[in-house]
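> Let me begin by handing over the structure; questions about it come next.
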Amino acid sequence: MLVRVMGWLLLIEGAFMLVPIATALYYGEEDLEAFLWAIAITVATGIVVTTCVRPRRFDMGKRCGFLLTAMVWVVFSAFGMIPFILSDININVSDAFFEAMSGFTTTGASVIDNNAALSHAVHMWRSLMQWIGGMGIILFTLAVLPMLNSSGGMQMFNAEVTGITHEKLRPRVSSTAKRLWLVYTLLTVLLGFLYWIGPMGAFDSLCHAFSTMSTGGFSTHADSIGAWNSLYIKIVTTVFMFIGGVNFALIFKLSTGHVRSVWQNETFRLYLMLILSVFVFFDVALLINSSVTTDWESLTIDPLFQIISIMSSTGYLVEGSENWGNAIFSVTLLLMFFGACAGSTSGGAKIDRALLLWKNSRNELYRCIYPNHILSVNSNGRTMSPELVNKVGVFLCLYVLVIVVGGIILSSMGLAVHQAFFSAFSCVSNTGLSTAETGSFAAVSDGGKWVLSLLMLTGRLEVFTVLVLFTPTFWSK
């Protein structure tokens, strides 16, 4: 059953490759041949698999859901890297797989130093990969293959969608997937239109709409958003990065007129409060730093842009932000760690977990004085079970452990210690920032790129879905 579903998914990926093929035809580019070979290999493999594999039954349990979810992202990246290998970029398999995994997981890390030299078709494929991965490959599959609704669909939904609890907008998980993708698509179209009526051309508008709405961060220019030097572009990008960091279930409720339910959501209010609090801190730090220019834009739009970009894990940077000082950099690391809201396209551990961790810690401090009191952890008017609260604590511990182990492995492969740990942290949080010394991830060894690819996948699927595959219990009947 897993193999057959994988064949269907390859056919879907092949269909997405028609977009860069159309782009190459429109611009008359030589990379057309690379994408034609890529789609031929992908579709042929999908047809062979779906034709030859005939499962006896179509039901999937929890373990099959975990395995399929993890496998899908690896297989999509493996076939998604084919255009990079066959095009004129001249990168090896390790680089190509890293670039594809970075795209699908919306990390935005890149091994390409001069992305301005890439063809339009390659730019379109990089941005489209991020858009597909932003809402989720499995979620898209559940929307277009309703038969999975009754054969492990909920297990796959829970394994891929980020968060502590997963809210269904409709009784059937396929209907929920369709509504989430509808909201996501409409917001992308609106963003692309707003870019287009500004200084961006049609092609740049579409690519940046894909990468911004997915909070991925790939750009068609080496200077990213700064290439247009436009306040309008910066404001529009800030607004939609903020939206990308909000739970899409809340956005759907807002679109149906349930405004009160959005404001009553504790996580959303915390999201707003954190942005405003950090904004004030950034402004104070900038005013104290005499080496930084403090005009009205650098004290208003630039800090907001930077804060929301990091929290949403988009990874766009304000020009000159590296000179803002160590205090701002330290807070930036904290924003990278927790990210934005669960159920969004952002990375990080999610502020939903930070909220539950704070409430549970507060209860434990209270029990030091009143040990016989029975206290519960509440979220949005519901009492969280002790098992769920315990899972949050375990998740955060494993999240940190994955970063530490990844940093140790990378440092053993030749990276400087601070580069190794920051690169691991950046990939697990799906932010994609690199250190000043490396510039891009091209300086990392081939082995290090495979490690970072695994870290990106682990961070995107929120640790448990990937780590459970490495336990003997998972494979024993």
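Please note that chains go A, B, ... in the order of the structure tokens, that every chain numbers its residues from 1, and that ligands are numbered from 1 in the order shown.
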Using only C-alpha atoms, find each residue of region 326-377 of chain A with at least one atom at most 12 Å away from an atom of region 426-432 of chain A; report its shortest atom-to-atom pair and that distance in Å (one decimal), sort the rows by chain and rising residue number, and return the result as a Markdown table.

```
| residue | atom | partner | partner_atom | distance |
| --- | --- | --- | --- | --- |
| A:Thr332 | CA | A:Thr431 | CA | 11.2 |
| A:Leu333 | CA | A:Ser426 | CA | 9.3 |
| A:Leu334 | CA | A:Ser429 | CA | 10.9 |
| A:Leu335 | CA | A:Ser429 | CA | 9.9 |
| A:Met336 | CA | A:Ser429 | CA | 6.4 |
| A:Phe337 | CA | A:Ser429 | CA | 6.3 |
| A:Phe338 | CA | A:Ser429 | CA | 8.2 |
| A:Gly339 | CA | A:Ser429 | CA | 7.7 |
| A:Ala340 | CA | A:Ser429 | CA | 10.9 |
| A:Thr345 | CA | A:Asn430 | CA | 10.2 |
| A:Ser346 | CA | A:Asn430 | CA | 7.8 |
| A:Gly347 | CA | A:Asn430 | CA | 5.2 |
| A:Gly348 | CA | A:Ser429 | CA | 4.3 |
| A:Ala349 | CA | A:Ser429 | CA | 7.2 |
| A:Lys350 | CA | A:Ser429 | CA | 9.7 |
```
> Env of Thr212 (chain A): 12 Å cut, atoms = only C-alpha atoms, seq-sep filter 6 positions within chain, self excluded. Answer as number ranges by chain.
A: 106-108, 127-128, 130-131, 134, 184, 187-192, 195, 204-206, 218-219, 224-225, 233-234, 236-245, 308-309, 312-316, 345-346
> When you look at Leu396 (chain A) with a cut-off of 12 Å (counting only C-alpha atoms), what residues show up, excluding the ones that are within fewer than 5 positions of it in the same chain? I need them as an NGL selection string.
:A and (164 or 337-338 or 348-354 or 356-357 or 389-391 or 401-403 or 459 or 462-464)
> Take the residues from that selection and put them in a file with N, CA and C atoms, as a PDB file, in the first residue's frame.

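Everything below was put into selection-v1.pdb:
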```
ATOM      1  N   ILE A 164       0.523  20.755  18.586  1.00  0.00           N
ATOM      2  CA  ILE A 164       0.291  19.859  19.712  1.00  0.00           C
ATOM      3  C   ILE A 164      -0.975  19.055  19.485  1.00  0.00           C
ATOM      4  N   PHE A 337      14.247  29.645  17.687  1.00  0.00           N
ATOM      5  CA  PHE A 337      13.975  28.389  18.397  1.00  0.00           C
ATOM      6  C   PHE A 337      12.475  28.114  18.460  1.00  0.00           C
ATOM      7  N   PHE A 338      11.686  29.081  18.870  1.00  0.00           N
ATOM      8  CA  PHE A 338      10.258  28.831  19.081  1.00  0.00           C
ATOM      9  C   PHE A 338       9.412  29.086  17.833  1.00  0.00           C
ATOM     10  N   GLY A 348      10.487  25.973  13.590  1.00  0.00           N
ATOM     11  CA  GLY A 348      10.690  26.178  15.021  1.00  0.00           C
ATOM     12  C   GLY A 348       9.857  25.235  15.871  1.00  0.00           C
ATOM     13  N   ALA A 349      10.053  25.335  17.184  1.00  0.00           N
ATOM     14  CA  ALA A 349       9.344  24.461  18.117  1.00  0.00           C
ATOM     15  C   ALA A 349       7.905  24.895  18.344  1.00  0.00           C
ATOM     16  N   LYS A 350       7.522  26.065  17.929  1.00  0.00           N
ATOM     17  CA  LYS A 350       6.187  26.666  18.007  1.00  0.00           C
ATOM     18  C   LYS A 350       5.908  27.255  19.387  1.00  0.00           C
ATOM     19  N   ILE A 351       5.303  28.447  19.368  1.00  0.00           N
ATOM     20  CA  ILE A 351       5.015  29.158  20.619  1.00  0.00           C
ATOM     21  C   ILE A 351       3.855  28.516  21.378  1.00  0.00           C
ATOM     22  N   ASP A 352       3.092  27.645  20.727  1.00  0.00           N
ATOM     23  CA  ASP A 352       2.072  26.882  21.454  1.00  0.00           C
ATOM     24  C   ASP A 352       2.716  26.047  22.546  1.00  0.00           C
ATOM     25  N   ARG A 353       3.831  25.432  22.214  1.00  0.00           N
ATOM     26  CA  ARG A 353       4.541  24.612  23.201  1.00  0.00           C
ATOM     27  C   ARG A 353       5.192  25.481  24.261  1.00  0.00           C
ATOM     28  N   ALA A 354       5.684  26.644  23.861  1.00  0.00           N
ATOM     29  CA  ALA A 354       6.268  27.562  24.845  1.00  0.00           C
ATOM     30  C   ALA A 354       5.219  27.987  25.864  1.00  0.00           C
ATOM     31  N   LEU A 356       2.457  26.268  26.792  1.00  0.00           N
ATOM     32  CA  LEU A 356       2.162  25.153  27.694  1.00  0.00           C
ATOM     33  C   LEU A 356       3.308  24.900  28.657  1.00  0.00           C
ATOM     34  N   LEU A 357       4.542  25.061  28.169  1.00  0.00           N
ATOM     35  CA  LEU A 357       5.699  24.884  29.043  1.00  0.00           C
ATOM     36  C   LEU A 357       5.692  25.907  30.171  1.00  0.00           C
ATOM     37  N   VAL A 389       0.816  17.251  28.091  1.00  0.00           N
ATOM     38  CA  VAL A 389       1.795  18.173  28.674  1.00  0.00           C
ATOM     39  C   VAL A 389       3.162  17.511  28.745  1.00  0.00           C
ATOM     40  N   ASN A 390       3.174  16.235  29.115  1.00  0.00           N
ATOM     41  CA  ASN A 390       4.436  15.493  29.177  1.00  0.00           C
ATOM     42  C   ASN A 390       5.065  15.371  27.786  1.00  0.00           C
ATOM     43  N   LYS A 391       4.224  15.197  26.764  1.00  0.00           N
ATOM     44  CA  LYS A 391       4.730  15.078  25.395  1.00  0.00           C
ATOM     45  C   LYS A 391       5.396  16.369  24.950  1.00  0.00           C
ATOM     46  N   LEU A 401      18.123  18.162  21.785  1.00  0.00           N
ATOM     47  CA  LEU A 401      19.076  17.063  21.628  1.00  0.00           C
ATOM     48  C   LEU A 401      19.445  16.856  20.161  1.00  0.00           C
ATOM     49  N   VAL A 402      18.460  16.974  19.271  1.00  0.00           N
ATOM     50  CA  VAL A 402      18.731  16.830  17.840  1.00  0.00           C
ATOM     51  C   VAL A 402      19.702  17.911  17.370  1.00  0.00           C
ATOM     52  N   ILE A 403      19.510  19.146  17.846  1.00  0.00           N
ATOM     53  CA  ILE A 403      20.415  20.245  17.484  1.00  0.00           C
ATOM     54  C   ILE A 403      21.820  19.966  17.988  1.00  0.00           C
ATOM     55  N   GLY A 459      13.165  18.616  11.517  1.00  0.00           N
ATOM     56  CA  GLY A 459      12.523  19.829  11.996  1.00  0.00           C
ATOM     57  C   GLY A 459      11.176  20.067  11.347  1.00  0.00           C
ATOM     58  N   GLU A 462       8.645  17.752  12.762  1.00  0.00           N
ATOM     59  CA  GLU A 462       8.577  17.930  14.210  1.00  0.00           C
ATOM     60  C   GLU A 462       9.020  16.694  15.001  1.00  0.00           C
ATOM     61  N   VAL A 463      10.195  16.226  14.685  1.00  0.00           N
ATOM     62  CA  VAL A 463      10.998  15.300  15.482  1.00  0.00           C
ATOM     63  C   VAL A 463      10.402  13.897  15.590  1.00  0.00           C
ATOM     64  N   PHE A 464       9.222  13.747  16.178  1.00  0.00           N
ATOM     65  CA  PHE A 464       8.694  12.420  16.494  1.00  0.00           C
ATOM     66  C   PHE A 464       8.506  11.561  15.250  1.00  0.00           C
TER      67      PHE A 464
END
```
> I'd like the contact shell of region 439-454 of chain A - 7 Å cut-off, only C-alpha atoms, skipping same-chain residues fewer than 3 positions apart - returned as number ranges by chain.
A: 94, 98, 101, 109-113, 410, 413, 424, 427, 434-436, 457-458
> Pick out the residues sitting within 10 Å of Val75 (chain A), and hand them over as a list of chain:residue names; count only C-alpha atoms, and ignore anything fewer than 6 positions along from it in its own chain.
A:Met6, A:Leu9, A:Leu10, A:Met81, A:Met101
> What is the distance, in Å and to one decimal place, between CA of Ser411 (chain A) and CA of Phe329 (chain A)?
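According to the coordinates, CA of Ser411 (chain A) and CA of Phe329 (chain A) are separated by 22.0 Å.
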> Pick out the residues sitting within 10 Å of Asp302 (chain A), and hand them over as a list in words; count only C-alpha atoms, and ignore anything fewer than 4 positions along from it in its own chain.
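Those residues are Leu231, Lys234, Ile235, Thr238, Phe279, Phe282, Asp283, Trp296, Glu297, Ser298, Gln306, Ile307, Leu317, Val318, Glu319 and Ser321 of chain A.
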> Measuring between only C-alpha atoms, which one of A:Ser175, A:Met129, A:Cys52, A:Ile251 shows the shortest distance to Phe16 (chain A)?
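Counting only C-alpha atoms, the residue closest to Phe16 (chain A) is A:Met129.
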> To one decimal in Å, tell me the separation between CA of Tyr26 (chain A) and CA of Met213 (chain A).
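Here the two named atoms are 24.6 Å from each other.
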> So what do you get for CA of Gln419 (chain A) versus CA of Leu467 (chain A), distance-wise?
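Taking CA of Gln419 (chain A) as the start and CA of Leu467 (chain A) as the end point, the length is 24.1 Å.
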> Between A:Val72, A:Ala121, A:Ile82, A:Val284, which residue has the minimum interatomic distance to Ala96 (chain A), considering only C-alpha atoms?
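Among A:Val72, A:Ala121, A:Ile82, A:Val284, it is A:Ile82 that comes nearest to Ala96 (chain A).
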> Considering only C-alpha atoms, can you say which of A:Ile310, A:Val394, A:Met273, A:Ile301 comes closest to Gly216 (chain A)?
A:Ile310
> List every residue of region 235-300 of chain A that DSSP, applied to the backbone of this structure, assigns to alpha helix (DSSP H), and report them as a PDB file with N, CA and C atoms, in the first residue's frame.

```
ATOM      1  N   ILE A 235       6.753  46.196   3.191  1.00  0.00           N
ATOM      2  CA  ILE A 235       5.531  46.189   4.003  1.00  0.00           C
ATOM      3  C   ILE A 235       4.630  45.009   3.615  1.00  0.00           C
ATOM      4  N   VAL A 236       4.441  44.806   2.308  1.00  0.00           N
ATOM      5  CA  VAL A 236       3.607  43.697   1.843  1.00  0.00           C
ATOM      6  C   VAL A 236       4.188  42.366   2.305  1.00  0.00           C
ATOM      7  N   THR A 237       5.504  42.216   2.191  1.00  0.00           N
ATOM      8  CA  THR A 237       6.155  40.979   2.613  1.00  0.00           C
ATOM      9  C   THR A 237       5.994  40.762   4.110  1.00  0.00           C
ATOM     10  N   THR A 238       6.128  41.818   4.892  1.00  0.00           N
ATOM     11  CA  THR A 238       5.975  41.711   6.341  1.00  0.00           C
ATOM     12  C   THR A 238       4.581  41.227   6.718  1.00  0.00           C
ATOM     13  N   VAL A 239       3.568  41.798   6.074  1.00  0.00           N
ATOM     14  CA  VAL A 239       2.180  41.419   6.381  1.00  0.00           C
ATOM     15  C   VAL A 239       1.936  39.946   6.075  1.00  0.00           C
ATOM     16  N   PHE A 240       2.413  39.472   4.934  1.00  0.00           N
ATOM     17  CA  PHE A 240       2.126  38.088   4.541  1.00  0.00           C
ATOM     18  C   PHE A 240       3.044  37.095   5.252  1.00  0.00           C
ATOM     19  N   MET A 241       4.221  37.496   5.662  1.00  0.00           N
ATOM     20  CA  MET A 241       5.018  36.621   6.530  1.00  0.00           C
ATOM     21  C   MET A 241       4.311  36.443   7.869  1.00  0.00           C
ATOM     22  N   PHE A 242       3.702  37.534   8.364  1.00  0.00           N
ATOM     23  CA  PHE A 242       2.931  37.449   9.601  1.00  0.00           C
ATOM     24  C   PHE A 242       1.767  36.473   9.432  1.00  0.00           C
ATOM     25  N   ILE A 243       1.054  36.568   8.319  1.00  0.00           N
ATOM     26  CA  ILE A 243      -0.061  35.661   8.059  1.00  0.00           C
ATOM     27  C   ILE A 243       0.436  34.225   7.951  1.00  0.00           C
ATOM     28  N   GLY A 244       1.598  34.048   7.318  1.00  0.00           N
ATOM     29  CA  GLY A 244       2.164  32.706   7.203  1.00  0.00           C
ATOM     30  C   GLY A 244       2.511  32.085   8.533  1.00  0.00           C
ATOM     31  N   PHE A 248      -3.428  28.235  10.094  1.00  0.00           N
ATOM     32  CA  PHE A 248      -4.316  28.409   8.948  1.00  0.00           C
ATOM     33  C   PHE A 248      -5.755  28.025   9.272  1.00  0.00           C
ATOM     34  N   ALA A 249      -5.961  27.231  10.301  1.00  0.00           N
ATOM     35  CA  ALA A 249      -7.327  26.947  10.740  1.00  0.00           C
ATOM     36  C   ALA A 249      -7.990  28.221  11.257  1.00  0.00           C
ATOM     37  N   LEU A 250      -7.197  29.071  11.945  1.00  0.00           N
ATOM     38  CA  LEU A 250      -7.733  30.352  12.415  1.00  0.00           C
ATOM     39  C   LEU A 250      -8.035  31.286  11.248  1.00  0.00           C
ATOM     40  N   ILE A 251      -7.167  31.272  10.235  1.00  0.00           N
ATOM     41  CA  ILE A 251      -7.404  32.120   9.062  1.00  0.00           C
ATOM     42  C   ILE A 251      -8.685  31.687   8.361  1.00  0.00           C
ATOM     43  N   PHE A 252      -8.922  30.377   8.289  1.00  0.00           N
ATOM     44  CA  PHE A 252     -10.157  29.887   7.674  1.00  0.00           C
ATOM     45  C   PHE A 252     -11.373  30.350   8.476  1.00  0.00           C
ATOM     46  N   LYS A 253     -11.282  30.270   9.803  1.00  0.00           N
ATOM     47  CA  LYS A 253     -12.390  30.737  10.642  1.00  0.00           C
ATOM     48  C   LYS A 253     -12.633  32.224  10.439  1.00  0.00           C
ATOM     49  N   LEU A 254     -11.554  32.992  10.312  1.00  0.00           N
ATOM     50  CA  LEU A 254     -11.690  34.425  10.071  1.00  0.00           C
ATOM     51  C   LEU A 254     -12.391  34.687   8.748  1.00  0.00           C
ATOM     52  N   SER A 255     -12.079  33.894   7.732  1.00  0.00           N
ATOM     53  CA  SER A 255     -12.699  34.073   6.412  1.00  0.00           C
ATOM     54  C   SER A 255     -14.184  33.733   6.428  1.00  0.00           C
ATOM     55  N   VAL A 259     -14.676  36.073  13.785  1.00  0.00           N
ATOM     56  CA  VAL A 259     -13.593  36.957  14.216  1.00  0.00           C
ATOM     57  C   VAL A 259     -13.293  36.761  15.696  1.00  0.00           C
ATOM     58  N   ARG A 260     -14.322  36.569  16.498  1.00  0.00           N
ATOM     59  CA  ARG A 260     -14.129  36.450  17.942  1.00  0.00           C
ATOM     60  C   ARG A 260     -13.295  35.224  18.298  1.00  0.00           C
ATOM     61  N   SER A 261     -13.498  34.118  17.588  1.00  0.00           N
ATOM     62  CA  SER A 261     -12.746  32.904  17.901  1.00  0.00           C
ATOM     63  C   SER A 261     -11.256  33.078  17.635  1.00  0.00           C
ATOM     64  N   VAL A 262     -10.919  33.958  16.677  1.00  0.00           N
ATOM     65  CA  VAL A 262      -9.507  34.216  16.388  1.00  0.00           C
ATOM     66  C   VAL A 262      -8.874  34.987  17.544  1.00  0.00           C
ATOM     67  N   TRP A 263      -9.544  36.056  17.986  1.00  0.00           N
ATOM     68  CA  TRP A 263      -8.978  36.858  19.058  1.00  0.00           C
ATOM     69  C   TRP A 263      -8.965  36.105  20.389  1.00  0.00           C
ATOM     70  N   GLU A 266      -5.486  31.880  22.555  1.00  0.00           N
ATOM     71  CA  GLU A 266      -4.362  32.326  23.389  1.00  0.00           C
ATOM     72  C   GLU A 266      -3.055  32.397  22.609  1.00  0.00           C
ATOM     73  N   THR A 267      -2.835  31.433  21.745  1.00  0.00           N
ATOM     74  CA  THR A 267      -1.581  31.393  20.995  1.00  0.00           C
ATOM     75  C   THR A 267      -1.465  32.584  20.057  1.00  0.00           C
ATOM     76  N   PHE A 268      -2.566  32.944  19.406  1.00  0.00           N
ATOM     77  CA  PHE A 268      -2.549  34.107  18.504  1.00  0.00           C
ATOM     78  C   PHE A 268      -2.248  35.384  19.277  1.00  0.00           C
ATOM     79  N   ARG A 269      -2.864  35.537  20.451  1.00  0.00           N
ATOM     80  CA  ARG A 269      -2.592  36.726  21.261  1.00  0.00           C
ATOM     81  C   ARG A 269      -1.143  36.755  21.724  1.00  0.00           C
ATOM     82  N   LEU A 270      -0.598  35.587  22.065  1.00  0.00           N
ATOM     83  CA  LEU A 270       0.811  35.522  22.464  1.00  0.00           C
ATOM     84  C   LEU A 270       1.716  35.872  21.289  1.00  0.00           C
ATOM     85  N   TYR A 271       1.355  35.411  20.115  1.00  0.00           N
ATOM     86  CA  TYR A 271       2.097  35.723  18.881  1.00  0.00           C
ATOM     87  C   TYR A 271       2.192  37.233  18.687  1.00  0.00           C
ATOM     88  N   LEU A 272       1.057  37.925  18.816  1.00  0.00           N
ATOM     89  CA  LEU A 272       1.046  39.381  18.691  1.00  0.00           C
ATOM     90  C   LEU A 272       1.859  40.051  19.796  1.00  0.00           C
ATOM     91  N   MET A 273       1.686  39.568  21.026  1.00  0.00           N
ATOM     92  CA  MET A 273       2.374  40.175  22.160  1.00  0.00           C
ATOM     93  C   MET A 273       3.887  40.028  22.047  1.00  0.00           C
ATOM     94  N   LEU A 274       4.342  38.878  21.588  1.00  0.00           N
ATOM     95  CA  LEU A 274       5.778  38.656  21.415  1.00  0.00           C
ATOM     96  C   LEU A 274       6.348  39.589  20.351  1.00  0.00           C
ATOM     97  N   ILE A 275       5.634  39.734  19.247  1.00  0.00           N
ATOM     98  CA  ILE A 275       6.109  40.619  18.174  1.00  0.00           C
ATOM     99  C   ILE A 275       6.239  42.048  18.687  1.00  0.00           C
ATOM    100  N   LEU A 276       5.233  42.527  19.397  1.00  0.00           N
ATOM    101  CA  LEU A 276       5.264  43.901  19.907  1.00  0.00           C
ATOM    102  C   LEU A 276       6.348  44.079  20.969  1.00  0.00           C
ATOM    103  N   SER A 277       6.508  43.091  21.853  1.00  0.00           N
ATOM    104  CA  SER A 277       7.517  43.190  22.915  1.00  0.00           C
ATOM    105  C   SER A 277       8.921  43.201  22.339  1.00  0.00           C
ATOM    106  N   VAL A 278       9.182  42.295  21.409  1.00  0.00           N
ATOM    107  CA  VAL A 278      10.510  42.227  20.791  1.00  0.00           C
ATOM    108  C   VAL A 278      10.761  43.465  19.943  1.00  0.00           C
ATOM    109  N   PHE A 279       9.714  44.003  19.326  1.00  0.00           N
ATOM    110  CA  PHE A 279       9.842  45.232  18.534  1.00  0.00           C
ATOM    111  C   PHE A 279      10.325  46.394  19.410  1.00  0.00           C
ATOM    112  N   VAL A 280       9.744  46.524  20.586  1.00  0.00           N
ATOM    113  CA  VAL A 280      10.181  47.578  21.512  1.00  0.00           C
ATOM    114  C   VAL A 280      11.630  47.348  21.923  1.00  0.00           C
ATOM    115  N   PHE A 281      11.983  46.088  22.207  1.00  0.00           N
ATOM    116  CA  PHE A 281      13.365  45.776  22.593  1.00  0.00           C
ATOM    117  C   PHE A 281      14.338  46.116  21.471  1.00  0.00           C
ATOM    118  N   PHE A 282      13.985  45.753  20.242  1.00  0.00           N
ATOM    119  CA  PHE A 282      14.852  46.045  19.099  1.00  0.00           C
ATOM    120  C   PHE A 282      15.061  47.551  18.950  1.00  0.00           C
ATOM    121  N   ASP A 283      13.980  48.324  19.085  1.00  0.00           N
ATOM    122  CA  ASP A 283      14.083  49.773  18.936  1.00  0.00           C
ATOM    123  C   ASP A 283      15.006  50.382  19.990  1.00  0.00           C
ATOM    124  N   VAL A 284      14.862  49.936  21.230  1.00  0.00           N
ATOM    125  CA  VAL A 284      15.731  50.443  22.307  1.00  0.00           C
ATOM    126  C   VAL A 284      17.178  50.094  22.021  1.00  0.00           C
ATOM    127  N   ALA A 285      17.416  48.837  21.592  1.00  0.00           N
ATOM    128  CA  ALA A 285      18.787  48.405  21.299  1.00  0.00           C
ATOM    129  C   ALA A 285      19.377  49.182  20.123  1.00  0.00           C
ATOM    130  N   LEU A 286      18.557  49.482  19.119  1.00  0.00           N
ATOM    131  CA  LEU A 286      19.035  50.253  17.966  1.00  0.00           C
ATOM    132  C   LEU A 286      19.353  51.686  18.341  1.00  0.00           C
ATOM    133  N   LEU A 287      18.549  52.262  19.211  1.00  0.00           N
ATOM    134  CA  LEU A 287      18.805  53.639  19.653  1.00  0.00           C
ATOM    135  C   LEU A 287      20.080  53.723  20.483  1.00  0.00           C
ATOM    136  N   ILE A 288      20.359  52.682  21.266  1.00  0.00           N
ATOM    137  CA  ILE A 288      21.582  52.661  22.081  1.00  0.00           C
ATOM    138  C   ILE A 288      22.814  52.479  21.206  1.00  0.00           C
ATOM    139  N   TRP A 296      13.254  56.914  10.520  1.00  0.00           N
ATOM    140  CA  TRP A 296      11.946  56.354  10.885  1.00  0.00           C
ATOM    141  C   TRP A 296      11.740  54.951  10.338  1.00  0.00           C
ATOM    142  N   GLU A 297      12.250  54.660   9.125  1.00  0.00           N
ATOM    143  CA  GLU A 297      12.075  53.327   8.543  1.00  0.00           C
ATOM    144  C   GLU A 297      12.869  52.273   9.303  1.00  0.00           C
ATOM    145  N   SER A 298      14.103  52.625   9.713  1.00  0.00           N
ATOM    146  CA  SER A 298      14.946  51.670  10.437  1.00  0.00           C
ATOM    147  C   SER A 298      14.462  51.418  11.858  1.00  0.00           C
ATOM    148  N   LEU A 299      13.565  52.271  12.357  1.00  0.00           N
ATOM    149  CA  LEU A 299      13.010  52.071  13.705  1.00  0.00           C
ATOM    150  C   LEU A 299      11.590  51.518  13.680  1.00  0.00           C
TER     151      LEU A 299
END
```
> So that I can check the secondary structure, give me every residue of region 363-395 of chain A assigned strand (DSSP E) by backbone DSSP, as number ranges by chain.
A: 377-379, 382-384
